[in-house]
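Raw contents of start24.cif, mmCIF, C-alpha atoms:
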```cif
data_final
#
loop_
_atom_site.label_atom_id
_atom_site.label_comp_id
_atom_site.auth_asym_id
_atom_site.auth_seq_id
_atom_site.Cartn_x
_atom_site.Cartn_y
_atom_site.Cartn_z
CA PHE L 1 -45.77 -34.22 18.56
CA PHE L 2 -43.89 -37.50 18.21
CA PHE L 3 -46.61 -39.14 20.28
CA TYR L 4 -49.26 -37.62 17.99
CA PHE L 5 -47.37 -38.89 14.93
CA ILE L 6 -47.37 -42.45 16.33
CA CYS L 7 -51.10 -42.21 17.01
CA SER L 8 -51.75 -41.03 13.44
CA LEU L 9 -49.67 -43.89 12.09
CA ARG L 10 -51.71 -46.35 14.17
CA VAL L 11 -54.90 -44.81 12.76
CA ASP L 12 -53.71 -45.26 9.17
CA MET L 13 -52.64 -48.85 9.83
CA SER L 14 -55.95 -49.73 11.52
CA SER L 15 -57.86 -48.20 8.60
CA GLU L 16 -55.95 -50.28 6.09
CA ALA L 17 -56.46 -53.40 8.17
CA ALA L 18 -60.19 -52.74 8.35
CA ALA L 19 -60.53 -52.59 4.55
CA PRO L 20 -60.44 -56.06 2.87
CA ALA L 21 -58.12 -56.60 -0.04
CA ALA L 22 -59.57 -56.48 -3.56
CA PRO L 23 -59.80 -59.76 -5.54
CA ALA L 24 -56.63 -60.70 -7.35
CA ASP L 25 -58.45 -60.76 -10.67
CA GLY L 26 -59.75 -57.26 -10.05
CA SER L 27 -63.42 -58.39 -10.10
CA HIS L 28 -65.94 -56.69 -7.84
CA ASP L 29 -69.59 -57.57 -7.50
CA GLY L 30 -70.58 -54.34 -5.65
CA SER L 31 -72.29 -56.23 -2.85
CA GLY L 32 -70.05 -54.90 -0.08
CA VAL L 33 -69.04 -58.46 0.78
CA SER L 34 -65.62 -59.85 0.06
CA ALA L 35 -65.00 -63.16 -1.63
CA ASP L 36 -64.29 -64.83 1.74
CA GLY L 37 -67.65 -63.72 3.09
CA ARG L 38 -66.52 -60.78 5.31
CA ARG L 39 -68.44 -57.51 5.10
CA ARG L 40 -66.29 -54.69 3.79
CA ARG L 41 -66.36 -51.19 5.39
CA SER L 42 -67.31 -48.37 3.22
CA PRO L 43 -64.84 -45.46 2.78
CA VAL L 44 -67.09 -43.26 4.95
CA ALA L 45 -66.99 -45.81 7.78
CA ASN L 46 -63.22 -46.01 7.51
CA ARG L 47 -62.89 -42.23 7.78
CA GLU L 48 -65.18 -42.14 10.80
CA ALA L 49 -63.16 -44.86 12.53
CA ALA L 50 -59.94 -43.03 11.75
CA ALA L 51 -61.41 -39.81 13.12
CA ARG L 52 -62.45 -41.54 16.35
CA GLN L 53 -58.98 -43.06 16.72
CA SER L 54 -57.36 -39.67 16.05
CA LYS L 55 -59.53 -37.98 18.66
CA SER L 56 -58.62 -40.69 21.14
CA CYS L 57 -54.91 -40.09 20.49
CA VAL L 58 -55.35 -36.34 20.84
CA ARG L 59 -57.11 -36.81 24.17
CA MET L 60 -54.29 -39.06 25.34
CA LEU L 61 -51.75 -36.44 24.24
CA VAL L 62 -53.63 -33.64 26.01
CA ASP L 63 -53.85 -35.76 29.16
CA LYS L 64 -50.09 -36.41 29.01
CA VAL L 65 -49.32 -32.69 28.57
CA ASP L 66 -51.72 -31.75 31.38
CA ALA L 67 -50.05 -34.28 33.67
CA TRP L 68 -46.59 -32.95 32.77
CA PHE L 69 -47.62 -29.34 33.41
CA SER L 70 -49.25 -30.38 36.68
CA GLN L 71 -46.00 -31.99 37.82
CA LEU L 72 -44.04 -28.91 36.74
CA ARG L 73 -46.44 -26.60 38.59
CA THR L 74 -46.26 -28.74 41.73
CA HIS L 75 -42.45 -28.69 41.62
CA ALA L 76 -42.38 -24.90 41.10
CA GLU L 77 -44.83 -24.32 43.97
CA THR L 78 -42.74 -26.54 46.24
CA ARG L 79 -39.53 -24.63 45.40
CA MET L 80 -41.25 -21.25 45.81
CA ALA L 81 -42.60 -22.29 49.19
CA ALA L 82 -39.11 -23.39 50.26
CA TRP L 83 -37.53 -20.11 49.10
CA GLU L 84 -40.24 -18.10 50.84
CA ARG L 85 -39.68 -20.05 54.05
CA GLU L 86 -35.91 -19.50 53.87
CA TYR L 87 -36.44 -15.78 53.23
CA ARG L 88 -38.81 -15.44 56.21
CA GLU L 89 -36.34 -17.28 58.44
CA GLU L 90 -33.52 -14.96 57.35
CA GLN L 91 -35.68 -11.90 57.99
CA GLN L 92 -36.56 -13.21 61.43
CA LYS L 93 -32.88 -13.76 62.24
CA GLU L 94 -32.02 -10.21 61.17
CA ALA L 95 -34.93 -8.78 63.14
CA LYS L 96 -33.88 -10.73 66.22
CA ALA L 97 -30.30 -9.51 65.86
CA GLU L 98 -31.49 -5.91 65.67
CA VAL L 99 -33.61 -6.40 68.79
CA ASP L 100 -30.82 -8.12 70.70
CA GLU L 101 -28.00 -5.74 69.70
CA PRO L 102 -29.44 -2.57 68.12
CA GLU L 103 -26.72 -0.36 69.58
CA ASN L 104 -23.88 -2.50 68.28
CA ILE L 105 -25.36 -2.57 64.78
CA THR L 106 -25.94 1.19 64.78
CA ASN L 107 -22.48 1.89 66.16
CA ALA L 108 -20.75 -0.41 63.68
CA THR L 109 -22.54 1.31 60.81
CA MET L 110 -21.61 4.71 62.19
CA ALA L 111 -17.97 3.68 62.61
CA ARG L 112 -17.83 2.42 59.03
CA ASP L 113 -19.41 5.59 57.63
CA ALA L 114 -17.11 7.78 59.71
CA GLU L 115 -14.01 5.93 58.56
CA ASP L 116 -15.05 6.30 54.92
CA GLU L 117 -15.14 10.08 55.42
CA GLY L 118 -11.87 10.25 57.32
CA LEU L 119 -13.61 10.78 60.66
CA THR L 120 -13.76 8.86 63.94
CA ALA L 121 -16.77 7.46 65.79
CA VAL L 122 -16.60 7.48 69.60
CA LEU L 123 -18.93 7.00 72.56
CA GLY L 124 -19.53 10.08 74.67
CA LYS L 125 -19.68 10.06 78.46
CA ASP L 126 -23.39 9.32 78.30
CA GLY L 127 -22.83 6.43 75.89
CA THR L 128 -24.17 8.33 72.89
CA PRO L 129 -22.26 7.71 69.63
CA GLN L 130 -20.54 10.80 68.26
CA ILE L 131 -18.69 11.62 65.04
CA MET L 132 -15.41 13.47 65.63
CA LYS L 133 -13.06 15.32 63.30
CA GLU L 134 -9.29 15.40 63.73
CA THR L 135 -9.53 18.99 64.94
CA ASP L 136 -11.84 17.84 67.75
CA PHE L 137 -8.90 15.87 69.18
CA GLY L 138 -6.76 18.93 69.77
CA ASP L 139 -6.75 22.57 70.84
CA LYS L 140 -6.37 26.09 69.46
CA LEU L 141 -4.03 28.19 71.60
CA LYS L 142 -2.69 31.73 71.33
CA HIS L 143 0.52 30.94 69.42
CA TYR L 144 -0.34 27.63 67.74
CA GLU L 145 -3.02 25.01 67.27
CA TRP L 146 -2.75 21.27 67.15
CA HIS L 147 -4.80 18.18 66.40
CA GLN L 148 -4.32 14.45 66.00
CA ASN L 149 -5.61 11.24 64.53
CA ASP L 150 -4.77 7.64 65.40
CA THR L 151 -1.23 7.79 64.03
CA GLU L 152 -0.16 11.45 63.69
CA VAL L 153 0.03 14.72 65.60
CA THR L 154 -0.10 17.97 63.64
CA VAL L 155 1.01 21.38 64.95
CA LYS L 156 0.19 24.53 62.98
CA VAL L 157 1.99 27.80 63.75
CA PRO L 158 1.05 31.08 62.01
CA VAL L 159 4.27 33.00 61.19
CA PRO L 160 5.00 36.24 59.29
CA LYS L 161 5.39 35.74 55.55
CA ALA L 162 8.97 36.94 55.80
CA THR L 163 9.93 33.94 57.94
CA LYS L 164 12.63 31.82 56.29
CA ALA L 165 13.86 28.31 56.95
CA LYS L 166 16.98 29.75 58.62
CA ASP L 167 14.70 31.37 61.23
CA VAL L 168 13.46 27.95 62.36
CA THR L 169 15.27 25.77 64.89
CA PHE L 170 13.84 22.29 64.97
CA ALA L 171 15.18 19.40 67.02
CA ILE L 172 13.33 16.20 67.85
CA THR L 173 14.02 12.82 69.41
CA THR L 174 11.61 10.02 70.19
CA SER L 175 10.59 11.75 73.42
CA LYS L 176 11.61 15.45 73.20
CA LEU L 177 10.86 18.40 70.95
CA LYS L 178 12.34 21.88 70.51
CA LEU L 179 10.76 24.30 68.06
CA ASP L 180 12.05 27.88 68.02
CA ILE L 181 11.01 30.46 65.42
CA ALA L 182 13.00 33.69 65.37
CA THR L 183 10.15 35.83 64.00
CA LEU L 184 7.76 35.02 66.86
CA GLU L 185 7.46 36.77 70.23
CA ARG L 186 7.33 33.51 72.15
CA ARG L 187 10.72 31.80 72.11
CA PRO L 188 11.13 28.96 72.07
CA LEU L 189 7.64 28.09 70.96
CA LEU L 190 7.84 24.51 72.26
CA ASP L 191 10.63 22.96 74.26
CA GLY L 192 10.24 19.90 76.44
CA GLU L 193 9.14 16.32 76.75
CA LEU L 194 6.53 15.07 74.31
CA TRP L 195 3.31 13.62 75.68
CA ALA L 196 4.24 10.27 74.13
CA LYS L 197 6.99 8.91 71.94
CA VAL L 198 7.20 9.58 68.22
CA GLU L 199 9.12 8.30 65.23
CA ALA L 200 11.71 11.09 65.05
CA ASP L 201 12.91 10.20 61.55
CA ASN L 202 9.35 10.49 60.18
CA SER L 203 8.64 13.89 61.75
CA ILE L 204 8.91 16.91 59.41
CA TRP L 205 7.87 20.55 59.11
CA THR L 206 6.92 22.67 56.07
CA PHE L 207 5.72 26.18 55.20
CA ASP L 208 2.16 26.32 53.82
CA ASP L 209 -0.37 28.96 52.88
CA LEU L 210 -3.14 29.87 55.28
CA GLU L 211 -6.71 29.01 54.42
CA ASP L 212 -8.45 31.38 52.02
CA ASP L 213 -10.93 32.51 54.67
CA ASP L 214 -8.16 33.40 57.17
CA GLU L 215 -7.92 37.18 57.56
CA ARG L 216 -4.15 36.89 58.12
CA LYS L 217 -3.58 35.28 54.73
CA ASP L 218 -1.99 38.42 53.21
CA THR L 219 0.55 38.88 56.02
CA HIS L 220 1.15 35.38 57.36
CA LYS L 221 1.74 31.80 56.34
CA VAL L 222 1.70 28.67 58.46
CA LEU L 223 4.47 26.38 59.64
CA THR L 224 3.05 22.84 59.75
CA LEU L 225 4.79 20.26 61.93
CA LEU L 226 3.82 16.65 61.41
CA MET L 227 4.88 13.98 63.92
CA THR L 228 4.24 10.25 63.59
CA LYS L 229 3.21 8.52 66.79
CA LEU L 230 5.33 5.56 67.83
CA ARG L 231 2.15 3.85 69.02
CA LYS L 232 -1.23 4.81 67.71
CA THR L 233 -3.96 6.01 70.05
CA GLN L 234 -7.73 6.38 69.83
CA ALA L 235 -10.43 8.46 71.47
CA LYS L 236 -9.91 8.72 75.24
CA MET L 237 -6.38 7.31 74.88
CA HIS L 238 -5.30 10.21 72.63
CA TRP L 239 -2.63 12.73 73.56
CA THR L 240 -3.85 15.44 75.94
CA THR L 241 -1.17 17.92 74.81
CA VAL L 242 1.87 18.11 72.53
CA VAL L 243 4.55 18.93 75.10
CA LYS L 244 4.10 18.29 78.80
CA GLY L 245 3.43 21.51 80.69
CA GLU L 246 1.30 22.98 77.91
CA PRO L 247 -2.50 23.32 78.28
CA GLU L 248 -4.22 19.93 78.13
CA ILE L 249 -7.48 18.76 76.67
CA ASP L 250 -9.88 16.38 78.43
CA THR L 251 -9.69 13.18 76.39
CA LYS L 252 -11.95 11.31 78.81
CA LYS L 253 -14.93 13.07 77.27
CA PHE L 254 -14.30 11.21 74.03
CA GLY L 255 -15.04 7.84 75.59
CA PRO L 256 -13.91 4.64 73.85
CA ALA L 257 -13.58 4.46 70.09
CA ILE L 258 -16.17 2.43 68.21
CA LEU L 259 -14.31 -0.34 66.43
CA GLN L 260 -15.28 -2.41 63.42
CA VAL L 261 -14.48 -6.02 64.19
CA SER L 262 -15.67 -9.00 62.19
CA PRO L 263 -15.82 -12.19 64.27
CA ASP L 264 -15.00 -14.10 61.09
CA ASN L 265 -11.78 -12.16 60.48
CA PRO L 266 -8.91 -13.18 62.82
CA ASN L 267 -6.85 -10.20 61.61
CA ASP L 268 -9.45 -7.73 62.93
CA ILE L 269 -9.48 -9.36 66.35
CA ALA L 270 -5.68 -9.58 66.52
CA SER L 271 -5.37 -5.91 65.54
CA VAL L 272 -7.77 -4.77 68.26
CA LEU L 273 -6.03 -6.87 70.92
CA ALA L 274 -2.66 -5.45 69.88
CA ASP L 275 -4.00 -1.90 70.13
CA ILE L 276 -5.39 -2.57 73.61
CA ASN L 277 -2.08 -4.04 74.79
CA GLU L 278 -0.15 -1.05 73.46
CA GLN L 279 -2.42 1.42 75.17
#
```

Encoded form (structure tokens):
Amino acid sequence: FFFYFICSLRVDMSSEAAAPAAPADGSHDGSGVSADGRRRRSPVANREAAARQSKSCVRMLVDKVDAWFSQLRTHAETRMAAWEREYREEQQKEAKAEVDEPENITNATMARDAEDEGLTAVLGKDGTPQIMKETDFGDKLKHYEWHQNDTEVTVKVPVPKATKAKDVTFAITTSKLKLDIATLERRPLLDGELWAKVEADNSIWTFDDLEDDDERKDTHKVLTLLMTKLRKTQAKMHWTTVVKGEPEIDTKKFGPAILQVSPDNPNDIASVLADINEQ
């Protein structure tokens, strides 16, 4: 618009310059010729010249705008082409990674999803990923059941509702356990060397209600013993039993645990190496 204004100003100035000045005495002979002999333009001719000049300026303005938009379009097309090329390259990298290591990607996703739900992802004997619950890493026996996770071992013992704390004898060290319940037929229930060491000071027992769907709920409750492992274990490195001499589970069927390790996170790598050394 500023450019158009300048053009209009030029048109006005050229029109004024084209019209000769009137005589100082105000006389006019009507011949269309000035006193100095130059032919004067008529008002119509001046307007036509101004119109031509205005059209010329408008064309110049349109050409300038077209050129600017052309440059803008070229720049936008160049940037879009670059973004599209970068996107295609990224897609190709991801596709190549999936082709090169599809199992690792699938397993890592499974491990992450399992961890979010409080579960564990392991590889079976045939190499197939499996999702395991805590109860899968344990056993259900006649007088008690037990299960474990990476850091804890839980023992659950159904006892008559009349059982009191005074009926329970509980003694534990880092490597031995004795659990005797006076209201049970089997006495002591557990007495011997633990499968692996525990943190004795962090091991406790409590009385809890049975699950609502347990048919013994009206006559029994459950004694829950929770022991904290001194060193955590995973998958095939888990405990095979609570006390040595008791029935064992086959932990080899669990295979190795599927771990989430980011190559960009030194803490992840250090944690995995520490776990391997401990086991």

Translate the PyMOL selection byres ((chain L and resi 165-174) around 8) into a concrete residue list for this structure, as a ChimeraX atom specification.
/L:163-164,175-183,197-200

Explicit residues for the PyMOL selection byres ((chain L and resi 254) around 6) (as a PDB file with C-alpha atoms, keeping the file's coordinate frame):
```
ATOM      1  CA  GLY L 124     -19.530  10.080  74.670  1.00  0.00           C
ATOM      2  CA  ALA L 235     -10.430   8.460  71.470  1.00  0.00           C
ATOM      3  CA  LYS L 236      -9.910   8.720  75.240  1.00  0.00           C
ATOM      4  CA  THR L 251      -9.690  13.180  76.390  1.00  0.00           C
ATOM      5  CA  LYS L 252     -11.950  11.310  78.810  1.00  0.00           C
ATOM      6  CA  LYS L 253     -14.930  13.070  77.270  1.00  0.00           C
ATOM      7  CA  GLY L 255     -15.040   7.840  75.590  1.00  0.00           C
TER       8      GLY L 255
END
```

One number please: CA of Glu145 in chain L to CA of Met237 in chain L, in Å, one decimal.
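Between CA of Glu145 in chain L and CA of Met237 in chain L the gap works out to 19.6 Å.
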
To verify the selection step, state as a PyMOL selection string which residues the PyMOL selection byres ((chain L and resi 242) around 8) yields on this input.
chain L and resi 146+153+194-195+239-241+243-244+246

Return as AutoDock Vina command-line options the centre and edge lengths, in Å with one decimal, of the box along x, y and z that encloses every atom of range 148-153 of chain L in the file, padded by 3 Å per side.
```
--center_x -2.8 --center_y 11.2 --center_z 64.8 --size_x 11.6 --size_y 13.1 --size_z 8.3
```

Atom pair CA of His238 in chain L / CA of Leu184 in chain L: separation (Å)
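Between CA of His238 in chain L and CA of Leu184 in chain L the gap is 28.6 Å.
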
Quick one: everything within 6 Å of Lys221 in chain L, counting all atoms listed in the file, minus sequence neighbours fewer than 3 positions away in the same chain. Send it as a PyMOL selection string.
chain L and resi 158-159+161+209-210

How far is it from CA of His143 in chain L to CA of Leu189 in chain L, in Å with one decimal?
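These two atoms are separated by 7.8 Å.
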
Counting only C-alpha atoms, which residue out of L:Gly245, L:Arg73, L:Glu215, L:Thr151 sits closest to Glu193 in chain L?
L:Gly245

N, CA, C and O atoms are needed for range 216-240 of chain L; please write them out as a PDB file, in the frame of the given file.
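And here's part.pdb as it stands now:
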```pdb
ATOM      1  N   ARG L 216      -5.596  36.630  58.071  1.00  0.00           N
ATOM      2  CA  ARG L 216      -4.150  36.890  58.120  1.00  0.00           C
ATOM      3  C   ARG L 216      -3.423  36.386  56.877  1.00  0.00           C
ATOM      4  O   ARG L 216      -2.201  36.444  56.797  1.00  0.00           O
ATOM      5  N   LYS L 217      -4.174  35.918  55.892  1.00  0.00           N
ATOM      6  CA  LYS L 217      -3.580  35.280  54.730  1.00  0.00           C
ATOM      7  C   LYS L 217      -2.581  36.182  54.005  1.00  0.00           C
ATOM      8  O   LYS L 217      -1.553  35.719  53.500  1.00  0.00           O
ATOM      9  N   ASP L 218      -2.852  37.499  53.954  1.00  0.00           N
ATOM     10  CA  ASP L 218      -1.990  38.420  53.210  1.00  0.00           C
ATOM     11  C   ASP L 218      -0.675  38.703  53.935  1.00  0.00           C
ATOM     12  O   ASP L 218       0.313  39.092  53.304  1.00  0.00           O
ATOM     13  N   THR L 219      -0.650  38.520  55.253  1.00  0.00           N
ATOM     14  CA  THR L 219       0.550  38.880  56.020  1.00  0.00           C
ATOM     15  C   THR L 219       1.249  37.682  56.654  1.00  0.00           C
ATOM     16  O   THR L 219       2.391  37.806  57.099  1.00  0.00           O
ATOM     17  N   HIS L 220       0.581  36.541  56.675  1.00  0.00           N
ATOM     18  CA  HIS L 220       1.150  35.380  57.360  1.00  0.00           C
ATOM     19  C   HIS L 220       1.059  34.112  56.487  1.00  0.00           C
ATOM     20  O   HIS L 220       0.304  34.054  55.520  1.00  0.00           O
ATOM     21  N   LYS L 221       1.824  33.165  56.870  1.00  0.00           N
ATOM     22  CA  LYS L 221       1.740  31.800  56.340  1.00  0.00           C
ATOM     23  C   LYS L 221       1.753  30.866  57.546  1.00  0.00           C
ATOM     24  O   LYS L 221       1.770  31.335  58.705  1.00  0.00           O
ATOM     25  N   VAL L 222       1.756  29.598  57.327  1.00  0.00           N
ATOM     26  CA  VAL L 222       1.700  28.670  58.460  1.00  0.00           C
ATOM     27  C   VAL L 222       2.847  27.665  58.373  1.00  0.00           C
ATOM     28  O   VAL L 222       3.158  27.144  57.311  1.00  0.00           O
ATOM     29  N   LEU L 223       3.483  27.447  59.521  1.00  0.00           N
ATOM     30  CA  LEU L 223       4.470  26.380  59.640  1.00  0.00           C
ATOM     31  C   LEU L 223       3.725  25.151  60.154  1.00  0.00           C
ATOM     32  O   LEU L 223       3.103  25.193  61.222  1.00  0.00           O
ATOM     33  N   THR L 224       3.765  24.069  59.390  1.00  0.00           N
ATOM     34  CA  THR L 224       3.050  22.840  59.750  1.00  0.00           C
ATOM     35  C   THR L 224       4.064  21.775  60.173  1.00  0.00           C
ATOM     36  O   THR L 224       4.946  21.417  59.390  1.00  0.00           O
ATOM     37  N   LEU L 225       3.930  21.312  61.404  1.00  0.00           N
ATOM     38  CA  LEU L 225       4.790  20.260  61.930  1.00  0.00           C
ATOM     39  C   LEU L 225       3.983  18.976  62.017  1.00  0.00           C
ATOM     40  O   LEU L 225       2.915  18.945  62.640  1.00  0.00           O
ATOM     41  N   LEU L 226       4.506  17.933  61.404  1.00  0.00           N
ATOM     42  CA  LEU L 226       3.820  16.650  61.410  1.00  0.00           C
ATOM     43  C   LEU L 226       4.697  15.609  62.105  1.00  0.00           C
ATOM     44  O   LEU L 226       5.835  15.363  61.692  1.00  0.00           O
ATOM     45  N   MET L 227       4.158  15.006  63.170  1.00  0.00           N
ATOM     46  CA  MET L 227       4.880  13.980  63.920  1.00  0.00           C
ATOM     47  C   MET L 227       4.114  12.665  63.864  1.00  0.00           C
ATOM     48  O   MET L 227       2.900  12.649  64.046  1.00  0.00           O
ATOM     49  N   THR L 228       4.842  11.579  63.646  1.00  0.00           N
ATOM     50  CA  THR L 228       4.240  10.250  63.590  1.00  0.00           C
ATOM     51  C   THR L 228       4.354   9.572  64.948  1.00  0.00           C
ATOM     52  O   THR L 228       5.452   9.433  65.493  1.00  0.00           O
ATOM     53  N   LYS L 229       3.212   9.171  65.480  1.00  0.00           N
ATOM     54  CA  LYS L 229       3.210   8.520  66.790  1.00  0.00           C
ATOM     55  C   LYS L 229       3.938   7.173  66.716  1.00  0.00           C
ATOM     56  O   LYS L 229       3.799   6.436  65.738  1.00  0.00           O
ATOM     57  N   LEU L 230       4.682   6.872  67.772  1.00  0.00           N
ATOM     58  CA  LEU L 230       5.330   5.560  67.830  1.00  0.00           C
ATOM     59  C   LEU L 230       4.285   4.467  68.032  1.00  0.00           C
ATOM     60  O   LEU L 230       4.405   3.375  67.478  1.00  0.00           O
ATOM     61  N   ARG L 231       3.275   4.758  68.819  1.00  0.00           N
ATOM     62  CA  ARG L 231       2.150   3.850  69.020  1.00  0.00           C
ATOM     63  C   ARG L 231       0.859   4.628  68.805  1.00  0.00           C
ATOM     64  O   ARG L 231       0.675   5.698  69.384  1.00  0.00           O
ATOM     65  N   LYS L 232      -0.007   4.067  68.007  1.00  0.00           N
ATOM     66  CA  LYS L 232      -1.230   4.810  67.710  1.00  0.00           C
ATOM     67  C   LYS L 232      -2.166   4.846  68.916  1.00  0.00           C
ATOM     68  O   LYS L 232      -2.124   3.958  69.785  1.00  0.00           O
ATOM     69  N   THR L 233      -2.997   5.840  68.962  1.00  0.00           N
ATOM     70  CA  THR L 233      -3.960   6.010  70.050  1.00  0.00           C
ATOM     71  C   THR L 233      -5.335   6.284  69.449  1.00  0.00           C
ATOM     72  O   THR L 233      -5.453   6.673  68.294  1.00  0.00           O
ATOM     73  N   GLN L 234      -6.361   6.126  70.277  1.00  0.00           N
ATOM     74  CA  GLN L 234      -7.730   6.380  69.830  1.00  0.00           C
ATOM     75  C   GLN L 234      -8.537   6.978  70.959  1.00  0.00           C
ATOM     76  O   GLN L 234      -8.356   6.635  72.131  1.00  0.00           O
ATOM     77  N   ALA L 235      -9.425   7.896  70.566  1.00  0.00           N
ATOM     78  CA  ALA L 235     -10.430   8.460  71.470  1.00  0.00           C
ATOM     79  C   ALA L 235      -9.845   8.887  72.820  1.00  0.00           C
ATOM     80  O   ALA L 235      -8.961   9.731  72.883  1.00  0.00           O
ATOM     81  N   LYS L 236     -10.325   8.274  73.912  1.00  0.00           N
ATOM     82  CA  LYS L 236      -9.910   8.720  75.240  1.00  0.00           C
ATOM     83  C   LYS L 236      -8.449   8.425  75.543  1.00  0.00           C
ATOM     84  O   LYS L 236      -7.915   8.919  76.541  1.00  0.00           O
ATOM     85  N   MET L 237      -7.792   7.619  74.696  1.00  0.00           N
ATOM     86  CA  MET L 237      -6.380   7.310  74.880  1.00  0.00           C
ATOM     87  C   MET L 237      -5.482   8.250  74.087  1.00  0.00           C
ATOM     88  O   MET L 237      -4.263   8.105  74.076  1.00  0.00           O
ATOM     89  N   HIS L 238      -6.076   9.247  73.417  1.00  0.00           N
ATOM     90  CA  HIS L 238      -5.300  10.210  72.630  1.00  0.00           C
ATOM     91  C   HIS L 238      -4.402  11.084  73.515  1.00  0.00           C
ATOM     92  O   HIS L 238      -4.567  11.151  74.735  1.00  0.00           O
ATOM     93  N   TRP L 239      -3.485  11.775  72.851  1.00  0.00           N
ATOM     94  CA  TRP L 239      -2.630  12.730  73.560  1.00  0.00           C
ATOM     95  C   TRP L 239      -3.499  13.836  74.158  1.00  0.00           C
ATOM     96  O   TRP L 239      -4.475  14.278  73.560  1.00  0.00           O
ATOM     97  N   THR L 240      -3.131  14.308  75.325  1.00  0.00           N
ATOM     98  CA  THR L 240      -3.850  15.440  75.940  1.00  0.00           C
ATOM     99  C   THR L 240      -3.178  16.766  75.632  1.00  0.00           C
ATOM    100  O   THR L 240      -3.779  17.823  75.784  1.00  0.00           O
TER     101      THR L 240
END
```
